[in-house]
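Asks: If it helps, the file is called data.txt and holds compact mmCIF, C-alpha atoms:
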# COMPACT_ATOMS: atom_id res chain seq x y z
CA MET A 11 -178.15 25.27 18.30
CA ASN A 12 -176.25 26.39 15.23
CA ARG A 13 -172.75 25.42 14.26
CA GLU A 14 -171.07 28.39 15.87
CA ASN A 15 -172.67 27.75 19.24
CA LEU A 16 -171.78 24.09 19.03
CA ASN A 17 -168.15 24.99 18.38
CA ILE A 18 -168.13 27.31 21.36
CA ALA A 19 -169.57 24.58 23.58
CA PHE A 20 -166.85 22.14 22.47
CA VAL A 21 -164.12 24.70 23.07
CA PHE A 22 -165.58 25.47 26.51
CA ILE A 23 -165.51 21.82 27.58
CA GLY A 24 -162.14 21.18 25.97
CA LEU A 25 -160.53 24.12 27.74
CA VAL A 26 -161.95 23.11 31.14
CA VAL A 27 -160.66 19.56 30.74
CA LEU A 28 -157.25 20.75 29.54
CA GLN A 29 -156.98 23.20 32.41
CA ILE A 30 -157.89 20.87 35.26
CA VAL A 31 -156.28 17.68 33.98
CA ILE A 32 -152.99 18.99 32.64
CA LEU A 33 -152.35 22.69 33.11
CA ASN A 34 -153.22 22.86 36.82
CA ASN A 35 -150.54 20.23 37.46
CA ILE A 36 -147.63 21.66 35.51
CA ASN A 37 -146.00 23.45 38.47
CA PHE A 38 -143.24 24.96 36.38
CA LEU A 39 -140.51 26.30 38.72
CA GLY A 40 -142.53 24.93 41.59
CA TYR A 41 -145.65 27.03 41.34
CA ILE A 42 -146.33 28.40 37.86
CA ASN A 43 -149.48 27.05 36.25
CA PRO A 44 -150.73 28.87 33.15
CA PHE A 45 -154.39 29.89 32.98
CA PHE A 46 -154.65 28.96 29.35
CA TYR A 47 -158.44 28.65 29.51
CA ILE A 48 -158.81 32.41 28.97
CA VAL A 49 -157.97 31.84 25.31
CA PHE A 50 -161.76 31.45 25.26
CA ILE A 51 -162.06 35.24 25.53
CA PHE A 52 -160.11 35.54 22.27
CA TYR A 53 -161.80 32.62 20.59
CA TYR A 54 -165.35 33.82 21.21
CA PRO A 55 -166.46 35.81 18.13
CA VAL A 56 -165.91 39.53 18.52
CA LYS A 57 -169.29 41.13 18.10
CA LYS A 58 -171.37 43.61 19.99
CA LEU A 59 -171.28 42.90 23.69
CA ASP A 60 -174.03 40.44 24.51
CA ALA A 61 -175.31 39.04 27.76
CA ALA A 62 -174.61 35.47 26.63
CA PHE A 63 -170.89 36.16 26.34
CA LEU A 64 -170.75 37.60 29.87
CA LEU A 65 -172.71 34.67 31.25
CA VAL A 66 -170.63 32.03 29.48
CA SER A 67 -167.37 33.65 30.59
CA PHE A 68 -168.61 33.76 34.15
CA LEU A 69 -169.58 30.08 33.97
CA LEU A 70 -166.20 29.15 32.53
CA GLY A 71 -164.42 30.84 35.42
CA LEU A 72 -166.81 29.34 37.94
CA THR A 73 -166.28 25.83 36.55
CA ILE A 74 -162.53 26.24 36.98
CA ASP A 75 -163.20 27.53 40.50
CA PHE A 76 -165.23 24.45 41.34
CA PHE A 77 -162.32 22.25 40.44
CA SER A 78 -159.65 24.28 42.16
CA ASN A 79 -161.57 25.27 45.32
CA SER A 80 -160.84 28.91 44.75
CA GLY A 81 -164.23 30.43 45.56
CA GLY A 82 -165.07 32.85 42.78
CA VAL A 83 -161.59 34.05 41.89
CA ASN A 84 -161.47 32.74 38.32
CA ALA A 85 -165.11 33.69 37.71
CA ALA A 86 -164.48 37.29 38.78
CA ALA A 87 -161.35 37.63 36.64
CA THR A 88 -162.76 35.97 33.52
CA LEU A 89 -165.98 37.96 33.66
CA PHE A 90 -163.99 41.17 34.04
CA VAL A 91 -161.79 40.60 30.98
CA ALA A 92 -164.87 39.51 29.01
CA TYR A 93 -166.51 42.82 29.87
CA ILE A 94 -163.52 44.97 28.95
CA ARG A 95 -162.57 42.98 25.83
CA ILE A 96 -164.12 45.32 23.26
CA PRO A 97 -163.03 48.59 24.94
CA VAL A 98 -159.47 47.25 25.12
CA ILE A 99 -159.45 46.21 21.46
CA LYS A 100 -160.90 49.58 20.46
CA SER A 101 -158.37 51.58 22.38
CA ILE A 102 -155.44 49.52 21.12
CA LEU A 103 -156.57 49.88 17.52
CA GLY A 104 -157.31 53.54 18.15
CA LYS A 105 -160.80 53.24 16.72
CA THR A 106 -164.07 54.42 18.15
CA GLU A 107 -166.13 51.83 16.30
CA LEU A 108 -165.26 48.30 15.24
CA GLU A 109 -166.56 46.52 12.17
CA PHE A 110 -167.92 43.54 13.97
CA ASN A 111 -169.02 41.65 10.91
CA ASN A 112 -165.61 40.69 9.66
CA PHE A 113 -163.44 41.29 12.67
CA SER A 114 -160.71 38.72 13.15
CA PHE A 115 -157.47 38.71 15.05
CA ARG A 116 -155.78 37.30 11.98
CA LYS A 117 -156.46 40.47 10.05
CA LEU A 118 -154.70 42.56 12.66
CA LYS A 119 -151.00 43.22 12.71
CA PHE A 120 -149.15 40.79 14.93
CA ASN A 121 -147.99 43.44 17.40
CA LYS A 122 -151.56 44.70 17.92
CA THR A 123 -152.83 41.18 18.53
CA LEU A 124 -149.99 40.58 20.97
CA LEU A 125 -150.82 43.80 22.78
CA VAL A 126 -154.48 42.84 23.15
CA ILE A 127 -153.58 39.38 24.44
CA THR A 128 -150.93 40.71 26.80
CA THR A 129 -153.16 43.42 28.26
CA LEU A 130 -156.13 41.14 28.90
CA THR A 131 -153.97 38.29 30.23
CA PHE A 132 -152.16 40.57 32.67
CA ILE A 133 -155.41 42.04 33.97
CA HIS A 134 -156.94 38.58 34.32
CA HIS A 135 -153.96 37.15 36.19
CA PHE A 136 -153.62 40.21 38.39
CA ILE A 137 -157.24 39.89 39.52
CA ILE A 138 -156.77 36.19 40.22
CA PHE A 139 -153.65 36.56 42.33
CA GLY A 140 -154.88 39.79 43.88
CA LEU A 141 -158.06 38.12 45.14
CA GLU A 142 -156.23 35.00 46.18
CA TYR A 143 -153.65 36.80 48.29
CA PHE A 144 -156.11 39.42 49.46
CA LYS A 145 -155.47 38.78 53.12
CA LEU A 146 -151.74 38.45 52.83
CA ASN A 147 -151.35 41.99 51.54
CA ASN A 148 -148.24 40.97 49.69
CA ILE A 149 -148.13 43.08 46.55
CA GLN A 150 -144.65 41.94 45.55
CA LEU A 151 -145.63 38.28 45.52
CA ILE A 152 -148.82 39.09 43.61
CA LEU A 153 -146.91 40.98 40.92
CA THR A 154 -144.20 38.32 40.56
CA LYS A 155 -146.77 35.57 40.19
CA THR A 156 -148.85 37.65 37.78
CA PHE A 157 -145.82 38.42 35.65
CA LEU A 158 -144.36 34.91 35.47
CA THR A 159 -147.70 33.16 34.97
CA SER A 160 -148.78 35.68 32.32
CA ILE A 161 -145.67 35.00 30.24
CA PHE A 162 -146.42 31.30 30.32
CA THR A 163 -150.10 31.83 29.44
CA ILE A 164 -149.32 34.26 26.61
CA ILE A 165 -146.84 31.84 25.03
CA LEU A 166 -149.45 29.07 25.11
CA ILE A 167 -152.11 31.36 23.62
CA LEU A 168 -149.77 32.39 20.79
CA ILE A 169 -148.92 28.76 20.06
CA SER A 170 -152.62 27.90 19.94
CA PHE A 171 -153.24 30.86 17.58
CA ILE A 172 -150.56 29.57 15.23
CA LEU A 173 -151.80 25.98 15.40
CA PHE A 174 -155.52 26.62 15.01
CA THR A 175 -155.62 29.78 13.02
CA ASN A 176 -156.61 28.14 9.74
CA LYS A 177 -159.30 25.93 11.17
CA ASN A 178 -161.09 28.76 12.87
CA ALA A 179 -161.56 30.83 9.79
CA SER A 180 -165.10 31.96 10.25
CA MET B 23 -190.88 54.31 36.37
CA GLN B 24 -190.43 54.64 32.67
CA GLN B 25 -187.08 56.29 33.22
CA LEU B 26 -186.01 53.42 35.44
CA ILE B 27 -186.98 50.87 32.81
CA SER B 28 -185.16 52.72 30.08
CA PHE B 29 -182.12 53.08 32.35
CA ILE B 30 -182.08 49.33 33.00
CA PHE B 31 -182.51 48.65 29.32
CA LYS B 32 -179.66 50.97 28.30
CA ASN B 33 -177.25 49.66 30.92
CA LYS B 34 -178.37 46.07 30.69
CA HIS B 35 -174.90 44.67 30.11
CA PHE B 36 -173.30 46.71 32.82
CA LEU B 37 -175.91 45.55 35.31
CA ILE B 38 -175.47 41.90 34.33
CA PHE B 39 -171.72 42.33 34.65
CA LEU B 40 -172.08 43.96 38.05
CA LEU B 41 -174.45 41.31 39.33
CA LEU B 42 -172.28 38.37 38.24
CA GLU B 43 -169.12 40.07 39.53
CA LEU B 44 -170.81 40.51 42.92
CA PHE B 45 -171.63 36.81 42.92
CA ALA B 46 -168.01 35.95 42.19
CA VAL B 47 -166.67 38.21 44.93
CA PHE B 48 -169.24 36.82 47.34
CA PHE B 49 -168.07 33.26 46.59
CA THR B 50 -164.48 34.35 47.06
CA ILE B 51 -165.06 35.97 50.43
CA GLN B 52 -167.16 33.08 51.54
CA ASN B 53 -164.41 30.67 50.56
CA ASN B 54 -161.84 32.60 52.57
CA SER B 55 -163.83 32.47 55.76
CA TYR B 56 -162.64 29.66 57.92
CA HIS B 57 -165.87 27.75 57.99
CA ARG B 58 -166.87 25.61 55.12
CA SER B 59 -167.58 27.11 51.75
CA LYS B 60 -171.09 26.10 50.94
CA PHE B 61 -171.19 26.65 47.21
CA VAL B 62 -167.99 26.44 45.25
CA ASN B 63 -165.85 23.48 46.27
CA SER B 64 -164.65 20.25 44.74
CA ALA B 65 -166.43 18.01 47.24
CA ASN B 66 -169.52 17.72 45.07
CA PHE B 67 -170.66 14.77 43.04
CA ILE B 68 -169.41 15.95 39.63
CA THR B 69 -165.98 17.37 40.43
CA GLY B 70 -165.30 14.63 42.97
CA GLY B 71 -166.21 11.96 40.41
CA ILE B 72 -163.97 13.48 37.74
CA TYR B 73 -161.02 13.85 40.09
CA LYS B 74 -161.47 10.23 41.12
CA ARG B 75 -161.15 9.12 37.48
CA ILE B 76 -158.08 11.26 36.89
CA ASN B 77 -156.52 9.98 40.06
CA ASN B 78 -156.97 6.36 39.03
CA PHE B 79 -154.49 7.00 36.25
CA LYS B 80 -152.05 8.95 38.34
CA GLU B 81 -152.12 6.45 41.15
CA TYR B 82 -150.79 3.74 38.91
CA ILE B 83 -147.55 5.64 38.48
CA ARG B 84 -147.14 6.25 42.17
CA LEU B 85 -147.84 2.68 43.34
CA LYS B 86 -144.23 1.92 44.16
CA ASP B 87 -143.68 4.92 46.43
CA GLU B 88 -146.95 4.27 48.16
CA ASN B 89 -146.01 0.63 48.80
CA ILE B 90 -142.72 1.68 50.33
CA ARG B 91 -144.50 4.12 52.58
CA LEU B 92 -147.01 1.48 53.69
CA ALA B 93 -144.24 -1.01 54.37
CA GLU B 94 -142.44 1.55 56.50
CA GLU B 95 -145.61 2.24 58.40
CA ASN B 96 -146.15 -1.48 58.96
CA VAL B 97 -142.69 -1.86 60.44
CA TYR B 98 -143.26 1.12 62.68
CA LEU B 99 -146.60 -0.19 63.90
CA LYS B 100 -145.23 -3.68 64.52
CA ASN B 101 -142.42 -2.22 66.59
CA LEU B 102 -144.95 -0.24 68.53
CA LEU B 103 -147.02 -3.34 69.19
CA ASP B 104 -143.99 -5.22 70.49
CA LYS B 105 -142.96 -2.35 72.65
CA GLU B 106 -146.26 -1.96 74.34
CA LYS B 107 -147.05 -5.68 74.46
CA ILE B 108 -150.62 -5.24 73.49
CA ILE B 109 -150.73 -7.94 70.85
CA ASP B 110 -153.05 -10.03 72.99
CA SER B 111 -155.62 -7.37 73.25
CA ILE B 112 -155.40 -6.29 69.65
CA ASN B 113 -158.65 -7.93 68.66
CA GLU B 114 -160.42 -6.16 71.40
CA LYS B 115 -158.96 -2.85 70.35
CA LEU B 116 -160.02 -3.29 66.82
CA LEU B 117 -163.65 -3.37 67.82
CA ILE B 118 -163.87 0.30 68.24
CA GLY B 119 -166.31 3.08 67.93
CA THR B 120 -168.63 1.88 70.65
CA VAL B 121 -169.45 4.12 73.54
CA ASN B 122 -168.28 1.65 76.14
CA THR B 123 -164.60 1.60 75.21
CA ASN B 124 -162.21 4.23 76.36
CA GLN B 125 -160.94 4.92 72.90
CA LYS B 126 -160.72 8.60 72.22
CA TYR B 127 -159.72 8.69 68.57
CA PHE B 128 -160.84 6.69 65.60
CA TYR B 129 -158.94 6.71 62.31
CA ILE B 130 -160.71 6.56 58.96
CA SER B 131 -158.58 5.63 55.98
CA SER B 132 -159.08 7.56 52.77
CA LYS B 133 -157.38 8.41 49.50
CA ILE B 134 -156.41 11.76 48.09
CA ILE B 135 -157.90 12.28 44.65
CA ASN B 136 -156.76 15.84 44.07
CA ASN B 137 -153.85 17.63 45.69
CA GLU B 138 -152.91 21.28 45.40
CA TYR B 139 -149.77 22.83 46.81
CA ASN B 140 -148.75 25.69 44.56
CA ARG B 141 -151.35 28.32 45.39
CA SER B 142 -151.92 30.46 48.43
CA ASN B 143 -155.10 28.67 49.46
CA ASN B 144 -154.51 25.02 48.83
CA TYR B 145 -157.19 22.38 49.20
CA ILE B 146 -157.00 18.61 48.96
CA THR B 147 -159.94 16.49 47.82
CA ILE B 148 -160.39 13.02 49.34
CA ASN B 149 -162.69 10.22 48.28
CA SER B 150 -164.71 9.73 51.43
CA GLY B 151 -167.42 11.84 52.96
CA GLU B 152 -170.42 11.53 55.19
CA ASN B 153 -170.86 7.92 54.13
CA LYS B 154 -167.63 7.03 55.99
CA GLY B 155 -168.45 9.20 58.97
CA ILE B 156 -166.44 12.26 58.02
CA ALA B 157 -167.59 15.68 59.15
CA SER B 158 -165.97 19.09 58.86
CA ASP B 159 -163.17 20.08 61.27
CA MET B 160 -161.51 16.68 61.53
CA GLY B 161 -157.74 16.27 61.43
CA VAL B 162 -156.08 14.65 58.40
CA ILE B 163 -152.68 12.94 58.71
CA ASN B 164 -150.58 10.19 57.16
CA SER B 165 -147.78 8.12 58.61
CA LYS B 166 -145.26 10.91 58.13
CA GLY B 167 -147.28 13.64 59.77
CA ILE B 168 -149.85 16.33 59.59
CA ILE B 169 -151.70 17.22 56.37
CA GLY B 170 -154.72 19.39 57.12
CA ILE B 171 -158.27 19.72 58.41
CA THR B 172 -161.49 18.69 56.65
CA LYS B 173 -163.64 21.56 55.42
CA SER B 174 -166.56 20.86 53.06
CA VAL B 175 -168.10 17.40 53.19
CA SER B 176 -170.52 15.86 50.71
CA ASN B 177 -171.89 12.35 50.71
CA LYS B 178 -168.90 10.71 49.00
CA TYR B 179 -166.16 13.34 48.91
CA SER B 180 -164.61 15.95 51.17
CA THR B 181 -162.21 18.84 50.80
CA VAL B 182 -159.31 19.29 53.18
CA LEU B 183 -157.87 22.65 54.17
CA SER B 184 -154.21 21.85 53.65
CA VAL B 185 -151.56 23.12 56.07
CA LEU B 186 -150.40 24.95 52.95
CA ASN B 187 -153.24 27.45 53.19
CA ILE B 188 -152.86 30.98 54.45
CA ASN B 189 -156.10 30.56 56.39
CA SER B 190 -154.85 27.48 58.20
CA LYS B 191 -153.93 27.66 61.88
CA ILE B 192 -153.03 24.60 63.93
CA ASN B 193 -151.89 24.28 67.52
CA ILE B 194 -148.34 22.86 67.69
CA LYS B 195 -145.56 22.48 70.24
CA LEU B 196 -141.95 21.46 70.59
CA LEU B 197 -141.17 17.82 71.24
CA LYS B 198 -138.46 18.52 73.81
CA SER B 199 -140.33 21.07 75.91
CA ASN B 200 -143.93 22.06 76.43
CA TYR B 201 -143.84 25.42 74.67
CA PHE B 202 -146.84 25.96 72.43
CA GLY B 203 -147.42 28.02 69.34
CA SER B 204 -149.40 27.86 66.14
CA LEU B 205 -148.65 26.60 62.68
CA SER B 206 -149.27 28.86 59.74
CA TRP B 207 -148.04 29.30 56.17
CA ASN B 208 -146.73 32.33 54.31
CA ALA B 209 -147.51 30.89 50.85
CA LYS B 210 -143.90 31.01 49.70
CA ASP B 211 -142.56 27.46 49.70
CA TYR B 212 -144.58 24.26 49.87
CA GLN B 213 -141.95 22.49 51.94
CA THR B 214 -141.71 25.14 54.63
CA VAL B 215 -144.32 26.33 57.13
CA GLN B 216 -144.07 28.86 59.95
CA PHE B 217 -144.17 28.51 63.73
CA LEU B 218 -145.94 31.53 65.26
CA ASP B 219 -146.37 32.84 68.80
CA LEU B 220 -143.57 30.81 70.34
CA PRO B 221 -142.12 32.50 73.46
CA VAL B 222 -138.39 33.15 73.25
CA GLN B 223 -137.82 31.15 76.45
CA ALA B 224 -138.38 28.01 74.40
CA ASN B 225 -134.74 28.35 73.29
CA ILE B 226 -135.05 26.38 70.08
CA LYS B 227 -132.25 24.97 67.96
CA ILE B 228 -132.14 24.12 64.29
CA GLY B 229 -133.31 20.55 63.83
CA ASP B 230 -135.67 20.46 66.82
CA THR B 231 -138.77 18.38 66.18
CA VAL B 232 -142.21 19.98 66.18
CA ILE B 233 -145.39 18.01 66.93
CA THR B 234 -149.08 18.82 67.29
CA GLY B 235 -150.02 20.28 70.63
CA GLY B 236 -153.26 18.50 71.45
CA ARG B 237 -154.88 21.66 72.73
CA SER B 238 -157.63 21.47 70.16
CA THR B 239 -160.18 18.75 69.60
CA ILE B 240 -158.96 18.24 66.05
CA PHE B 241 -155.52 16.65 66.42
CA PRO B 242 -154.34 14.40 69.22
CA GLU B 243 -151.05 15.35 70.84
CA GLY B 244 -147.85 14.13 69.24
CA ILE B 245 -148.58 13.95 65.51
CA PRO B 246 -145.27 14.79 63.81
CA VAL B 247 -145.15 18.09 61.93
CA GLY B 248 -141.53 18.78 60.97
CA THR B 249 -138.16 20.05 62.12
CA ILE B 250 -137.01 23.61 62.65
CA LYS B 251 -135.18 24.86 59.59
CA ASP B 252 -134.10 28.35 60.58
CA PHE B 253 -135.19 31.23 62.81
CA ASN B 254 -134.25 34.74 63.79
CA VAL B 255 -134.43 36.53 67.14
CA VAL B 256 -135.16 40.26 67.19
CA ASN B 257 -135.76 42.25 70.41
CA ASN B 258 -136.00 39.13 72.48
CA ASN B 259 -138.73 37.75 70.24
CA TYR B 260 -138.75 35.27 67.44
CA GLU B 261 -139.08 37.24 64.24
CA PHE B 262 -139.76 34.12 62.24
CA ILE B 263 -139.34 30.37 62.66
CA ASN B 264 -139.42 28.16 59.59
CA ILE B 265 -140.32 24.51 59.85
CA ASN B 266 -139.37 21.84 57.34
CA LEU B 267 -142.40 19.59 56.94
CA PHE B 268 -141.86 15.84 57.31
CA ASN B 269 -144.45 15.29 54.60
CA ASP B 270 -143.69 16.02 50.99
CA MET B 271 -146.92 17.86 50.30
CA SER B 272 -146.49 17.44 46.55
CA ALA B 273 -146.61 13.63 46.71
CA LEU B 274 -149.42 12.50 48.97
CA GLY B 275 -151.44 9.30 48.54
CA TYR B 276 -153.38 7.67 51.34
CA VAL B 277 -154.38 9.56 54.43
CA GLU B 278 -156.11 8.97 57.75
CA ILE B 279 -158.86 11.16 59.09
CA ILE B 280 -159.07 11.50 62.84
CA LYS B 281 -162.45 11.31 64.48
CA ASN B 282 -162.51 12.49 68.06
CA PHE B 283 -165.16 10.76 70.15
CA ASP B 284 -164.90 13.29 72.94
CA LYS B 285 -165.27 16.26 70.66
CA GLU B 286 -168.91 16.95 71.38
CA GLN B 287 -168.48 16.53 75.09
CA ILE B 288 -165.57 18.96 75.10
CA LYS B 289 -167.40 21.45 72.91
CA ASN B 290 -170.53 21.34 75.07
CA LEU B 291 -168.46 21.78 78.16
CA GLU B 292 -166.64 24.76 76.71
CA GLU B 293 -169.86 26.37 75.55
CA LYS B 294 -171.35 25.91 78.98
CA SER B 295 -168.38 27.55 80.65
CA THR B 296 -168.44 30.53 78.34
CA ASN B 297 -172.17 31.01 78.82
CA GLU B 298 -171.94 31.07 82.59
Could you write out this file's structure as structure tokens?
Replies:
Amino acid sequence: MNRENLNIAFVFIGLVVLQIVILNNINFLGYINPFFYIVFIFYYPVKKLDAAFLLVSFLLGLTIDFFSNSGGVNAAATLFVAYIRIPVIKSILGKTELEFNNFSFRKLKFNKTLLVITTLTFIHHFIIFGLEYFKLNNIQLILTKTFLTSIFTIILILISFILFTNKNAS
Amino acid sequence: MQQLISFIFKNKHFLIFLLLELFAVFFTIQNNSYHRSKFVNSANFITGGIYKRINNFKEYIRLKDENIRLAEENVYLKNLLDKEKIIDSINEKLLIGTVNTNQKYFYISSKIINNEYNRSNNYITINSGENKGIASDMGVINSKGIIGITKSVSNKYSTVLSVLNINSKINIKLLKSNYFGSLSWNAKDYQTVQFLDLPVQANIKIGDTVITGGRSTIFPEGIPVGTIKDFNVVNNNYEFININLFNDMSALGYVEIIKNFDKEQIKNLEEKSTNE
């Protein structure tokens, strides 16, 4: 296991612990809990899509599901954003090919980074609440929750980017 | 054959994605079905153990409230004992669980180690399982009222389908009259649940008390649920009835699980009747 993989393993465990111990109990305005753990999708090195990334993302979601008794909701959403990560980045940058070797969010303009984060976070949250309220058929509630929770998550992700951006220079 | 192999090789990632996504959706659907979710739940050894640790810290902060609640319950139970003058036979009644007594329900004390109330499908994890005699489909209450029904059970932990779950349905009735209905939740507010299928003849008023109906084998009759908060009548039917829960679902500590000794007898009997 090289250093990069070790870092990823630490981040994985750290995010799970943070999510289940603190973030799942915030209950801002009564029901808003950010799904900050998806910062993993942005932390994981951007390179050609590999099976390991899909598998690890799925496991991350499933671990959260185990703790919150939500079936496979988080696993489905996290896997989906992991799969569409590179297409989304490509289309936002307007490029057909990415230079994977030295790609880093820090080299992008802030508004592009924000757009990538916002898009993926919204999709992720929409899948989560959509699957959770599947039976209720209550699109308004799903959209409200998606919107409010996404704002909270995005703010946390941005803060973490600012705090850890120097350390993660890789 | 060669084409198939090259197809799989080219679309390897898409196929992995599809396969895992199918797994996730399968878990989700399985979790939404009323019967226990076999795979993904927090009743297992690892998650249960971690929640127990976390709860040890949290519990320390809540000790005072919990003591007050226990003291209140003590007073209530003492009053009950005086009223019914059964103090003499109390020792006898404590020796329970044997086939010879007439006792119908047995209460198992347990502690909540993880409590959810802000999602649409809320589950509670408690720190007792098969080792204390808990099985799925048992009622969970505390001194203030109803909490939920056990779902997945492992050796040491169990999950409870909270009343705050859109899949939850419990038979309830009014205290003042014998009109029945069912309890459900619309996932909007964790202090309010809904009373469904109540006939308009029940003629309810705001503030009326709602209790469990006793028409299922899960809850005995008369467990407090809450009071009627507001309702609306449309076309001689109740459009909605909101109930204020007695329990504050965001601050739960110790609970009791209800074991029904007659459950199997009743179930067998019902199965027999439907088969005939």
Asks: Which residues are near Ala87 in chain A? Cut-off 12 Å, all atoms listed in the file, ignore same chain within fewer than 4 positions. Put them as a PyMOL selection string.
Replies: (chain A and resi 45+47-48+51+64+67-72+74-75+80-83+91-94+130-142) or (chain B and resi 39+42-44+46-47+50)
Asks: Sorted by chain and rising residue number, which residues of chain B lie within 8 Å of chain A, and what are their closest atom pairs and distances in Å to one decimal, counting all atoms listed in the file, as CSV?
Replies:
residue,atom,partner,partner_atom,distance
B:His35,CA,A:Ala61,CA,6.1
B:Ile38,CA,A:Ala61,CA,7.2
B:Phe39,CA,A:Leu64,CA,6.8
B:Leu42,CA,A:Phe68,CA,7.2
B:Glu43,CA,A:Ala86,CA,5.5
B:Phe45,CA,A:Gly82,CA,7.7
B:Ala46,CA,A:Gly82,CA,4.3
B:Val47,CA,A:Gly82,CA,6.0
B:Phe48,CA,A:Gly82,CA,7.3
B:Phe49,CA,A:Gly82,CA,4.9
B:Thr50,CA,A:Gly81,CA,4.2
B:Ile51,CA,A:Gly81,CA,7.4
B:Gln52,CA,A:Gly81,CA,7.2
B:Asn53,CA,A:Gly81,CA,5.0
B:Asn54,CA,A:Gly81,CA,7.7
B:Ser59,CA,A:Gly81,CA,7.8
B:Val62,CA,A:Phe76,CA,5.2
B:Asn63,CA,A:Asn79,CA,4.7
B:Ser64,CA,A:Phe77,CA,5.3
B:Thr69,CA,A:Phe77,CA,6.1
B:Ile76,CA,A:Val31,CA,7.3
B:Asn140,CA,A:Tyr41,CA,4.7
B:Arg141,CA,A:Tyr41,CA,7.1
B:Ser142,CA,A:Tyr143,CA,6.6
B:Asn143,CA,A:Glu142,CA,7.2
B:Asn144,CA,A:Asn79,CA,7.9
B:Tyr145,CA,A:Asn79,CA,6.5
B:Ile188,CA,A:Leu146,CA,7.7
Asks: So how many Å separate CA of Ile18 in chain A and CA of Pro97 in chain A, to one decimal?
Replies: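 About the pair CA of Ile18 in chain A and CA of Pro97 in chain A: they are 22.2 Å apart.
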Asks: What is the CA of Gly229 in chain B to CA of Asn164 in chain B distance in Å?
Replies: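 Straight-line distance from CA of Gly229 in chain B to CA of Asn164 in chain B works out to 21.2 Å.
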Asks: I want to know what sits within 9 Å of Gly167 in chain B, based on only C-alpha atoms, with residues of the same chain fewer than 4 positions away left out; could you give that as a list in words?
Replies: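 Counting only C-alpha atoms, the residues come to Val162, Ile163, Ile233, Ile245, Pro246, Val247, Gly248, Leu267, Phe268 and Asn269 of chain B.
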Asks: Once you add 6 Å to each side, what are the centre and edge lengths of the axis-aligned box holding all listed atoms of range 157-173 of chain A? One decimal in Å, as JSON, if you can.
Replies:
{"center_x": -148.8, "center_y": 32.2, "center_z": 25.4, "size_x": 20.9, "size_y": 24.4, "size_z": 32.4}
Asks: If I take CA of Leu85 in chain B and CA of Lys173 in chain B, how far is one from the other in Å, to one decimal?
Replies: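 Taking CA of Leu85 in chain B and CA of Lys173 in chain B, their separation equals 27.4 Å.
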Asks: Under the rule that only C-alpha atoms are counted, which of B:Leu26, B:Glu138, B:Val97, B:Lys195 is the nearest residue to Glu243 in chain B?
Replies: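 Among B:Leu26, B:Glu138, B:Val97, B:Lys195, it is B:Lys195 that comes nearest to Glu243 in chain B.
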Asks: Taking (-169.3, 12.2, 42.0) in the file's coordinates as the center, which residues reach within 12 Å of it, counting all atoms listed in the file, put as an MDAnalysis selection string?
Replies: chainID B and resid 64:75 135 147:151 176:180
Asks: (-156.0, 49.2, 19.1) in this file's frame - what residues fall within 9 Å of it? Use all atoms listed in the file and give the answer as a ChimeraX atom specification.
Replies: /A:98-105,122-123,125-126
Asks: At a cut-off of 10 Å, using all atoms listed in the file, what residues contact Ile165 in chain A? Leave out same-chain residues fewer than 6 positions from it and give the result as a list in words.
Replies: Pro44, Phe46, Thr128 and Phe171 of chain A
Asks: For the residues in that selection, give me C-alpha atoms as a PDB file, in the coordinates of the input.
Replies:
ATOM      1  CA  PRO A  44    -150.730  28.870  33.150  1.00  0.00           C
ATOM      2  CA  PHE A  46    -154.650  28.960  29.350  1.00  0.00           C
ATOM      3  CA  THR A 128    -150.930  40.710  26.800  1.00  0.00           C
ATOM      4  CA  PHE A 171    -153.240  30.860  17.580  1.00  0.00           C
TER       5      PHE A 171
END
Asks: With all atoms listed in the file as the basis for distance, which of B:Ser272, B:Asn297, B:Thr239, B:Ser184 is at the shortest distance from Lys285 in chain B?
Replies: B:Thr239
Asks: May I ask you to restore N, CA and C atoms in range 38-44 of chain A and write the result as a PDB file, in the frame of the given file?
Replies:
ATOM      1  N   PHE A  38    -144.527  24.535  36.907  1.00  0.00           N
ATOM      2  CA  PHE A  38    -143.240  24.960  36.380  1.00  0.00           C
ATOM      3  C   PHE A  38    -142.554  25.852  37.414  1.00  0.00           C
ATOM      4  N   LEU A  39    -141.284  25.604  37.684  1.00  0.00           N
ATOM      5  CA  LEU A  39    -140.510  26.300  38.720  1.00  0.00           C
ATOM      6  C   LEU A  39    -141.177  26.190  40.094  1.00  0.00           C
ATOM      7  N   GLY A  40    -141.940  25.144  40.280  1.00  0.00           N
ATOM      8  CA  GLY A  40    -142.530  24.930  41.590  1.00  0.00           C
ATOM      9  C   GLY A  40    -143.954  25.419  41.732  1.00  0.00           C
ATOM     10  N   TYR A  41    -144.303  26.536  41.101  1.00  0.00           N
ATOM     11  CA  TYR A  41    -145.650  27.030  41.340  1.00  0.00           C
ATOM     12  C   TYR A  41    -146.333  27.682  40.140  1.00  0.00           C
ATOM     13  N   ILE A  42    -145.713  27.689  38.975  1.00  0.00           N
ATOM     14  CA  ILE A  42    -146.330  28.400  37.860  1.00  0.00           C
ATOM     15  C   ILE A  42    -147.221  27.472  37.044  1.00  0.00           C
ATOM     16  N   ASN A  43    -148.519  27.775  37.066  1.00  0.00           N
ATOM     17  CA  ASN A  43    -149.480  27.050  36.250  1.00  0.00           C
ATOM     18  C   ASN A  43    -150.190  28.054  35.348  1.00  0.00           C
ATOM     19  N   PRO A  44    -150.100  27.889  34.038  1.00  0.00           N
ATOM     20  CA  PRO A  44    -150.730  28.870  33.150  1.00  0.00           C
ATOM     21  C   PRO A  44    -152.250  28.757  33.203  1.00  0.00           C
TER      22      PRO A  44
END
